[in-house]
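File shown: entry_36.cif (mmCIF, N, CA and C atoms).
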```cif
data_final
#
loop_
_atom_site.label_atom_id
_atom_site.label_comp_id
_atom_site.auth_asym_id
_atom_site.auth_seq_id
_atom_site.Cartn_x
_atom_site.Cartn_y
_atom_site.Cartn_z
N MET A 236 -0.27 19.51 -7.31
CA MET A 236 0.55 18.45 -6.78
C MET A 236 -0.27 17.50 -5.93
N PHE A 237 -1.28 18.01 -5.20
CA PHE A 237 -2.14 17.12 -4.42
C PHE A 237 -3.03 16.29 -5.33
N ALA A 238 -3.49 16.88 -6.42
CA ALA A 238 -4.32 16.13 -7.37
C ALA A 238 -3.51 15.04 -8.05
N THR A 239 -2.29 15.36 -8.44
CA THR A 239 -1.44 14.36 -9.09
C THR A 239 -1.07 13.25 -8.11
N GLY A 240 -0.72 13.60 -6.89
CA GLY A 240 -0.41 12.60 -5.87
C GLY A 240 -1.61 11.72 -5.56
N SER A 241 -2.79 12.32 -5.53
CA SER A 241 -4.02 11.54 -5.29
C SER A 241 -4.30 10.59 -6.46
N ALA A 242 -4.05 11.04 -7.67
CA ALA A 242 -4.25 10.19 -8.84
C ALA A 242 -3.28 9.01 -8.84
N VAL A 243 -2.04 9.25 -8.46
CA VAL A 243 -1.05 8.17 -8.37
C VAL A 243 -1.46 7.18 -7.29
N PHE A 244 -1.91 7.69 -6.15
CA PHE A 244 -2.37 6.83 -5.06
C PHE A 244 -3.59 6.02 -5.47
N LEU A 245 -4.52 6.64 -6.16
CA LEU A 245 -5.72 5.94 -6.61
C LEU A 245 -5.36 4.81 -7.58
N ALA A 246 -4.41 5.07 -8.46
CA ALA A 246 -3.95 4.02 -9.39
C ALA A 246 -3.34 2.85 -8.62
N LEU A 247 -2.53 3.15 -7.62
CA LEU A 247 -1.93 2.10 -6.80
C LEU A 247 -3.00 1.33 -6.05
N LEU A 248 -3.97 2.03 -5.51
CA LEU A 248 -5.06 1.39 -4.77
C LEU A 248 -5.86 0.45 -5.67
N LEU A 249 -6.10 0.85 -6.90
CA LEU A 249 -6.82 -0.01 -7.83
C LEU A 249 -6.00 -1.24 -8.21
N ILE A 250 -4.69 -1.08 -8.35
CA ILE A 250 -3.83 -2.24 -8.64
C ILE A 250 -3.85 -3.21 -7.47
N LEU A 251 -3.74 -2.70 -6.25
CA LEU A 251 -3.78 -3.56 -5.07
C LEU A 251 -5.13 -4.25 -4.92
N ALA A 252 -6.20 -3.58 -5.30
CA ALA A 252 -7.54 -4.17 -5.20
C ALA A 252 -7.71 -5.34 -6.17
N LYS A 253 -6.96 -5.33 -7.26
CA LYS A 253 -7.06 -6.41 -8.24
C LYS A 253 -6.22 -7.63 -7.88
N LEU A 254 -5.35 -7.49 -6.90
CA LEU A 254 -4.53 -8.62 -6.47
C LEU A 254 -5.40 -9.69 -5.82
N PRO A 255 -5.00 -10.95 -5.93
CA PRO A 255 -5.71 -11.98 -5.16
C PRO A 255 -5.63 -11.65 -3.66
N ARG A 256 -6.67 -12.01 -2.95
CA ARG A 256 -6.80 -11.64 -1.54
C ARG A 256 -5.60 -12.11 -0.70
N ARG A 257 -5.13 -13.33 -0.95
CA ARG A 257 -3.99 -13.84 -0.18
C ARG A 257 -2.73 -13.01 -0.43
N TRP A 258 -2.48 -12.60 -1.65
CA TRP A 258 -1.31 -11.79 -1.96
C TRP A 258 -1.40 -10.44 -1.25
N LEU A 259 -2.59 -9.85 -1.28
CA LEU A 259 -2.78 -8.56 -0.62
C LEU A 259 -2.52 -8.68 0.87
N LEU A 260 -3.04 -9.74 1.49
CA LEU A 260 -2.84 -9.92 2.93
C LEU A 260 -1.38 -10.21 3.26
N ARG A 261 -0.67 -10.89 2.38
CA ARG A 261 0.76 -11.11 2.59
C ARG A 261 1.53 -9.80 2.47
N LEU A 262 1.14 -8.96 1.51
CA LEU A 262 1.80 -7.66 1.37
C LEU A 262 1.55 -6.78 2.59
N LEU A 263 0.37 -6.87 3.19
CA LEU A 263 0.07 -6.05 4.35
C LEU A 263 0.93 -6.43 5.56
N HIS A 264 1.44 -7.66 5.58
CA HIS A 264 2.35 -8.02 6.66
C HIS A 264 3.64 -7.20 6.57
N TYR A 265 4.05 -6.90 5.35
CA TYR A 265 5.26 -6.10 5.11
C TYR A 265 4.87 -4.66 4.79
N ASP A 266 4.07 -4.05 5.64
CA ASP A 266 3.52 -2.72 5.34
C ASP A 266 4.59 -1.64 5.23
N ILE A 267 5.62 -1.68 6.07
CA ILE A 267 6.67 -0.66 6.00
C ILE A 267 7.47 -0.81 4.71
N ALA A 268 7.80 -2.05 4.35
CA ALA A 268 8.53 -2.27 3.10
C ALA A 268 7.69 -1.84 1.90
N LEU A 269 6.39 -2.09 1.96
CA LEU A 269 5.49 -1.67 0.88
C LEU A 269 5.46 -0.15 0.77
N ASP A 270 5.37 0.53 1.90
CA ASP A 270 5.36 2.00 1.90
C ASP A 270 6.65 2.57 1.32
N VAL A 271 7.77 2.05 1.77
CA VAL A 271 9.07 2.54 1.28
C VAL A 271 9.25 2.22 -0.20
N GLY A 272 8.88 1.01 -0.60
CA GLY A 272 9.01 0.62 -2.00
C GLY A 272 8.16 1.47 -2.93
N VAL A 273 6.92 1.70 -2.55
CA VAL A 273 6.03 2.53 -3.38
C VAL A 273 6.55 3.96 -3.45
N THR A 274 6.97 4.50 -2.32
CA THR A 274 7.47 5.87 -2.30
C THR A 274 8.71 6.02 -3.16
N LEU A 275 9.65 5.08 -3.05
CA LEU A 275 10.87 5.15 -3.86
C LEU A 275 10.58 4.99 -5.35
N LEU A 276 9.67 4.05 -5.68
CA LEU A 276 9.33 3.83 -7.09
C LEU A 276 8.67 5.07 -7.69
N VAL A 277 7.72 5.63 -6.98
CA VAL A 277 7.02 6.81 -7.49
C VAL A 277 7.96 8.01 -7.53
N MET A 278 8.85 8.11 -6.54
CA MET A 278 9.82 9.21 -6.54
C MET A 278 10.76 9.09 -7.74
N PHE A 279 11.21 7.87 -8.04
CA PHE A 279 12.08 7.64 -9.19
C PHE A 279 11.36 7.99 -10.50
N LEU A 280 10.09 7.61 -10.60
CA LEU A 280 9.34 7.87 -11.83
C LEU A 280 9.07 9.36 -12.05
N HIS A 281 8.88 10.11 -10.98
CA HIS A 281 8.50 11.52 -11.10
C HIS A 281 9.65 12.48 -10.79
N TRP A 282 10.87 11.96 -10.73
CA TRP A 282 12.03 12.80 -10.42
C TRP A 282 12.27 13.79 -11.55
N GLY A 283 12.69 14.99 -11.21
CA GLY A 283 13.07 15.95 -12.24
C GLY A 283 12.39 17.29 -12.10
N SER A 284 11.27 17.32 -11.40
CA SER A 284 10.61 18.60 -11.18
C SER A 284 10.07 18.65 -9.76
N PHE A 285 9.89 19.85 -9.27
CA PHE A 285 9.37 20.01 -7.92
C PHE A 285 7.97 19.43 -7.80
N ASP A 286 7.14 19.68 -8.80
CA ASP A 286 5.78 19.15 -8.77
C ASP A 286 5.76 17.62 -8.78
N GLY A 287 6.65 17.03 -9.55
CA GLY A 287 6.72 15.58 -9.60
C GLY A 287 7.15 14.97 -8.27
N VAL A 288 8.14 15.57 -7.65
CA VAL A 288 8.62 15.07 -6.35
C VAL A 288 7.54 15.27 -5.28
N MET A 289 6.84 16.38 -5.32
CA MET A 289 5.78 16.61 -4.34
C MET A 289 4.61 15.66 -4.57
N ALA A 290 4.27 15.37 -5.82
CA ALA A 290 3.21 14.40 -6.12
C ALA A 290 3.61 13.02 -5.61
N ALA A 291 4.88 12.65 -5.79
CA ALA A 291 5.36 11.36 -5.29
C ALA A 291 5.32 11.32 -3.77
N THR A 292 5.65 12.42 -3.12
CA THR A 292 5.60 12.48 -1.67
C THR A 292 4.17 12.33 -1.16
N VAL A 293 3.24 13.01 -1.80
CA VAL A 293 1.82 12.89 -1.42
C VAL A 293 1.34 11.46 -1.63
N ALA A 294 1.69 10.85 -2.75
CA ALA A 294 1.29 9.46 -3.01
C ALA A 294 1.90 8.51 -1.98
N GLY A 295 3.15 8.73 -1.60
CA GLY A 295 3.79 7.91 -0.58
C GLY A 295 3.14 8.06 0.78
N LEU A 296 2.80 9.28 1.15
CA LEU A 296 2.11 9.50 2.42
C LEU A 296 0.73 8.87 2.44
N MET A 297 0.01 9.01 1.36
CA MET A 297 -1.33 8.41 1.29
C MET A 297 -1.26 6.89 1.32
N THR A 298 -0.23 6.32 0.70
CA THR A 298 -0.03 4.88 0.76
C THR A 298 0.27 4.43 2.18
N SER A 299 1.09 5.20 2.87
CA SER A 299 1.42 4.88 4.26
C SER A 299 0.18 4.94 5.15
N PHE A 300 -0.65 5.95 4.98
CA PHE A 300 -1.89 6.04 5.75
C PHE A 300 -2.82 4.86 5.44
N ALA A 301 -2.90 4.50 4.16
CA ALA A 301 -3.81 3.42 3.75
C ALA A 301 -3.35 2.07 4.31
N THR A 302 -2.06 1.78 4.24
CA THR A 302 -1.59 0.49 4.76
C THR A 302 -1.67 0.46 6.29
N SER A 303 -1.45 1.61 6.93
CA SER A 303 -1.58 1.67 8.38
C SER A 303 -3.02 1.44 8.82
N ALA A 304 -3.97 1.85 8.01
CA ALA A 304 -5.39 1.63 8.34
C ALA A 304 -5.86 0.24 7.93
N ALA A 305 -5.33 -0.29 6.83
CA ALA A 305 -5.80 -1.58 6.31
C ALA A 305 -5.33 -2.76 7.15
N LYS A 306 -4.14 -2.67 7.71
CA LYS A 306 -3.59 -3.81 8.46
C LYS A 306 -4.45 -4.15 9.68
N PRO A 307 -4.82 -3.22 10.54
CA PRO A 307 -5.70 -3.59 11.65
C PRO A 307 -7.16 -3.79 11.22
N LEU A 308 -7.52 -3.24 10.07
CA LEU A 308 -8.91 -3.35 9.62
C LEU A 308 -9.21 -4.72 9.02
N VAL A 309 -8.38 -5.20 8.09
CA VAL A 309 -8.64 -6.49 7.43
C VAL A 309 -7.66 -7.59 7.84
N GLY A 310 -6.59 -7.25 8.55
CA GLY A 310 -5.63 -8.24 8.99
C GLY A 310 -4.52 -8.44 7.99
N TYR A 311 -3.75 -9.52 8.19
CA TYR A 311 -2.62 -9.82 7.33
C TYR A 311 -2.28 -11.30 7.48
N ILE A 312 -1.42 -11.80 6.61
CA ILE A 312 -0.96 -13.19 6.68
C ILE A 312 0.50 -13.18 7.11
N HIS A 313 0.80 -13.93 8.19
CA HIS A 313 2.15 -14.04 8.70
C HIS A 313 2.48 -15.51 8.89
N ASP A 314 3.56 -15.96 8.25
CA ASP A 314 3.99 -17.37 8.30
C ASP A 314 2.87 -18.32 7.88
N GLY A 315 2.10 -17.93 6.86
CA GLY A 315 1.04 -18.78 6.33
C GLY A 315 -0.22 -18.82 7.17
N ARG A 316 -0.28 -18.01 8.22
CA ARG A 316 -1.45 -18.00 9.09
C ARG A 316 -2.11 -16.62 9.02
N TYR A 317 -3.42 -16.61 8.86
CA TYR A 317 -4.18 -15.36 8.75
C TYR A 317 -4.40 -14.78 10.13
N VAL A 318 -3.96 -13.55 10.32
CA VAL A 318 -4.21 -12.81 11.55
C VAL A 318 -5.34 -11.84 11.24
N PRO A 319 -6.56 -12.12 11.73
CA PRO A 319 -7.70 -11.29 11.35
C PRO A 319 -7.65 -9.92 11.98
N GLY A 320 -8.30 -8.99 11.30
CA GLY A 320 -8.46 -7.64 11.80
C GLY A 320 -9.89 -7.46 12.30
N VAL A 321 -10.36 -6.24 12.28
CA VAL A 321 -11.73 -5.96 12.68
C VAL A 321 -12.71 -6.64 11.72
N ILE A 322 -12.39 -6.59 10.45
CA ILE A 322 -13.18 -7.29 9.43
C ILE A 322 -12.50 -8.62 9.16
N ASN A 323 -13.19 -9.72 9.41
CA ASN A 323 -12.64 -11.05 9.22
C ASN A 323 -12.91 -11.51 7.80
N LEU A 324 -11.86 -11.67 6.98
CA LEU A 324 -12.00 -12.10 5.60
C LEU A 324 -11.90 -13.61 5.53
N LYS A 325 -12.54 -14.21 4.52
CA LYS A 325 -12.41 -15.63 4.29
C LYS A 325 -11.28 -15.85 3.29
N VAL A 326 -10.22 -16.50 3.76
CA VAL A 326 -9.06 -16.74 2.89
C VAL A 326 -8.79 -18.23 2.78
#
```
Using structure tokens, write down the structure from this file.
Amino acid sequence: MFATGSAVFLALLLILAKLPRRWLLRLLHYDIALDVGVTLLVMFLHWGSFDGVMAATVAGLMTSFATSAAKPLVGYIHDGRYVPGVINLKV
């Protein structure tokens, strides 16, 4: 279940990495909504077995940790203005 949850999280991370930088920074402003949305979507997709629900839970938790770390690290966009983090990106 941890391996499956990690694989789901890695797939999500790769999809987010392919997004244009501005879209990613806008999504990071809504980090709680992103966490809830990803968790619900993955839970819906893997519903039906204990292993599937646990994999979705692990993927949701890992997504929550990643967005919680990424927001202060790279910043976010709020109302069209870039709020930089520790790493200042050129947007």
Neighbour residues at most 6 Å from (7.0, 13.3, -5.1) (only N, CA and C atoms) as a PyMOL selection string: chain A and resi 277-278+286-293
Stretch 310-322 of chain A surroundings by only N, CA and C atoms, 5 Å radius, close-in-sequence under 6 positions cut, as a ChimeraX atom specification: /A:260-261,264
Exercise: stretch 241-246 of chain A partners within 12 Å, only C-alpha atoms, chain neighbours under 4 positions left out, as a ChimeraX atom specification: /A:236-237,250-253,270,273-274,276-278,280-281,287,289-302
DSSP-assigned strand (DSSP E) members of chain A, reported as a ChimeraX atom specification: /A:311-313,316-318
d(atom CA of A:Leu308, atom CA of A:Leu275) in Å: 25.4 Å
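Distances to A:Leu259 were evaluated for A:Val271, A:Lys306, A:Asn323, A:Gly283 using only C-alpha atoms, and the minimum falls at A:Lys306.
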Report the centre and edge lengths, in Å to one decimal, of an axis-aligned box enclosing every atom of stretch 280-298 of chain A listed in the file, padded by 4 Å on each side, as JSON.
```
{"center_x": 5.9, "center_y": 12.2, "center_z": -4.9, "size_x": 22.4, "size_y": 23.6, "size_z": 22.7}
```
Backbone DSSP call of helix (DSSP H, G or I) for chain A, listed as a PyMOL selection string: chain A and resi 237-253+256-264+266-280+285-309
Atom completion result for stretch 302-313 of chain A (all heavy atoms) as a PDB file, keeping the file's coordinate frame:
```pdb
ATOM      1  N   THR A 302      -2.060   1.780   4.240  1.00  0.00           N
ATOM      2  CA  THR A 302      -1.590   0.490   4.760  1.00  0.00           C
ATOM      3  C   THR A 302      -1.670   0.460   6.290  1.00  0.00           C
ATOM      4  O   THR A 302      -1.952  -0.581   6.873  1.00  0.00           O
ATOM      5  CB  THR A 302      -0.150   0.181   4.315  1.00  0.00           C
ATOM      6  OG1 THR A 302       0.707   1.252   4.696  1.00  0.00           O
ATOM      7  CG2 THR A 302      -0.082  -0.055   2.830  1.00  0.00           C
ATOM      8  N   SER A 303      -1.450   1.610   6.930  1.00  0.00           N
ATOM      9  CA  SER A 303      -1.580   1.670   8.380  1.00  0.00           C
ATOM     10  C   SER A 303      -3.020   1.440   8.820  1.00  0.00           C
ATOM     11  O   SER A 303      -3.258   0.876   9.891  1.00  0.00           O
ATOM     12  CB  SER A 303      -1.109   3.028   8.902  1.00  0.00           C
ATOM     13  OG  SER A 303       0.262   3.203   8.655  1.00  0.00           O
ATOM     14  N   ALA A 304      -3.970   1.850   8.010  1.00  0.00           N
ATOM     15  CA  ALA A 304      -5.390   1.630   8.340  1.00  0.00           C
ATOM     16  C   ALA A 304      -5.860   0.240   7.930  1.00  0.00           C
ATOM     17  O   ALA A 304      -6.671  -0.372   8.619  1.00  0.00           O
ATOM     18  CB  ALA A 304      -6.253   2.688   7.651  1.00  0.00           C
ATOM     19  N   ALA A 305      -5.330  -0.290   6.830  1.00  0.00           N
ATOM     20  CA  ALA A 305      -5.800  -1.580   6.310  1.00  0.00           C
ATOM     21  C   ALA A 305      -5.330  -2.760   7.150  1.00  0.00           C
ATOM     22  O   ALA A 305      -6.061  -3.738   7.311  1.00  0.00           O
ATOM     23  CB  ALA A 305      -5.335  -1.771   4.871  1.00  0.00           C
ATOM     24  N   LYS A 306      -4.140  -2.670   7.710  1.00  0.00           N
ATOM     25  CA  LYS A 306      -3.590  -3.810   8.460  1.00  0.00           C
ATOM     26  C   LYS A 306      -4.450  -4.150   9.680  1.00  0.00           C
ATOM     27  O   LYS A 306      -4.848  -5.304   9.830  1.00  0.00           O
ATOM     28  CB  LYS A 306      -2.148  -3.533   8.865  1.00  0.00           C
ATOM     29  CG  LYS A 306      -1.429  -4.745   9.411  1.00  0.00           C
ATOM     30  CD  LYS A 306       0.047  -4.462   9.595  1.00  0.00           C
ATOM     31  CE  LYS A 306       0.784  -5.675  10.079  1.00  0.00           C
ATOM     32  NZ  LYS A 306       2.223  -5.428  10.189  1.00  0.00           N
ATOM     33  N   PRO A 307      -4.820  -3.220  10.540  1.00  0.00           N
ATOM     34  CA  PRO A 307      -5.700  -3.590  11.650  1.00  0.00           C
ATOM     35  C   PRO A 307      -7.160  -3.790  11.220  1.00  0.00           C
ATOM     36  O   PRO A 307      -7.928  -4.462  11.903  1.00  0.00           O
ATOM     37  CB  PRO A 307      -5.583  -2.437  12.636  1.00  0.00           C
ATOM     38  CG  PRO A 307      -5.056  -1.300  11.866  1.00  0.00           C
ATOM     39  CD  PRO A 307      -4.306  -1.859  10.701  1.00  0.00           C
ATOM     40  N   LEU A 308      -7.520  -3.240  10.070  1.00  0.00           N
ATOM     41  CA  LEU A 308      -8.910  -3.350   9.620  1.00  0.00           C
ATOM     42  C   LEU A 308      -9.210  -4.720   9.020  1.00  0.00           C
ATOM     43  O   LEU A 308     -10.186  -5.368   9.398  1.00  0.00           O
ATOM     44  CB  LEU A 308      -9.218  -2.252   8.601  1.00  0.00           C
ATOM     45  CG  LEU A 308     -10.667  -2.131   8.153  1.00  0.00           C
ATOM     46  CD1 LEU A 308     -11.537  -1.700   9.323  1.00  0.00           C
ATOM     47  CD2 LEU A 308     -10.781  -1.137   7.027  1.00  0.00           C
ATOM     48  N   VAL A 309      -8.380  -5.200   8.090  1.00  0.00           N
ATOM     49  CA  VAL A 309      -8.640  -6.490   7.430  1.00  0.00           C
ATOM     50  C   VAL A 309      -7.660  -7.590   7.840  1.00  0.00           C
ATOM     51  O   VAL A 309      -7.863  -8.741   7.495  1.00  0.00           O
ATOM     52  CB  VAL A 309      -8.634  -6.352   5.887  1.00  0.00           C
ATOM     53  CG1 VAL A 309      -9.738  -5.453   5.436  1.00  0.00           C
ATOM     54  CG2 VAL A 309      -7.302  -5.888   5.368  1.00  0.00           C
ATOM     55  N   GLY A 310      -6.590  -7.250   8.550  1.00  0.00           N
ATOM     56  CA  GLY A 310      -5.630  -8.240   8.990  1.00  0.00           C
ATOM     57  C   GLY A 310      -4.520  -8.440   7.990  1.00  0.00           C
ATOM     58  O   GLY A 310      -4.343  -7.650   7.063  1.00  0.00           O
ATOM     59  N   TYR A 311      -3.750  -9.520   8.190  1.00  0.00           N
ATOM     60  CA  TYR A 311      -2.620  -9.820   7.330  1.00  0.00           C
ATOM     61  C   TYR A 311      -2.280 -11.300   7.480  1.00  0.00           C
ATOM     62  O   TYR A 311      -2.802 -11.984   8.370  1.00  0.00           O
ATOM     63  CB  TYR A 311      -1.406  -8.955   7.687  1.00  0.00           C
ATOM     64  CG  TYR A 311      -0.973  -9.063   9.129  1.00  0.00           C
ATOM     65  CD1 TYR A 311       0.028  -9.953   9.511  1.00  0.00           C
ATOM     66  CD2 TYR A 311      -1.564  -8.279  10.108  1.00  0.00           C
ATOM     67  CE1 TYR A 311       0.420 -10.062  10.818  1.00  0.00           C
ATOM     68  CE2 TYR A 311      -1.181  -8.383  11.426  1.00  0.00           C
ATOM     69  CZ  TYR A 311      -0.190  -9.278  11.791  1.00  0.00           C
ATOM     70  OH  TYR A 311       0.198  -9.391  13.097  1.00  0.00           O
ATOM     71  N   ILE A 312      -1.420 -11.800   6.610  1.00  0.00           N
ATOM     72  CA  ILE A 312      -0.960 -13.190   6.680  1.00  0.00           C
ATOM     73  C   ILE A 312       0.500 -13.180   7.110  1.00  0.00           C
ATOM     74  O   ILE A 312       1.337 -12.505   6.502  1.00  0.00           O
ATOM     75  CB  ILE A 312      -1.125 -13.909   5.337  1.00  0.00           C
ATOM     76  CG1 ILE A 312      -2.599 -14.104   5.033  1.00  0.00           C
ATOM     77  CG2 ILE A 312      -0.402 -15.248   5.353  1.00  0.00           C
ATOM     78  CD1 ILE A 312      -2.879 -14.791   3.718  1.00  0.00           C
ATOM     79  N   HIS A 313       0.800 -13.930   8.190  1.00  0.00           N
ATOM     80  CA  HIS A 313       2.150 -14.040   8.700  1.00  0.00           C
ATOM     81  C   HIS A 313       2.480 -15.510   8.890  1.00  0.00           C
ATOM     82  O   HIS A 313       1.765 -16.227   9.577  1.00  0.00           O
ATOM     83  CB  HIS A 313       2.271 -13.297  10.032  1.00  0.00           C
ATOM     84  CG  HIS A 313       3.625 -13.400  10.661  1.00  0.00           C
ATOM     85  ND1 HIS A 313       4.750 -12.896  10.061  1.00  0.00           N
ATOM     86  CD2 HIS A 313       4.033 -13.953  11.821  1.00  0.00           C
ATOM     87  CE1 HIS A 313       5.790 -13.131  10.842  1.00  0.00           C
ATOM     88  NE2 HIS A 313       5.375 -13.778  11.920  1.00  0.00           N
TER      89      HIS A 313
END
```
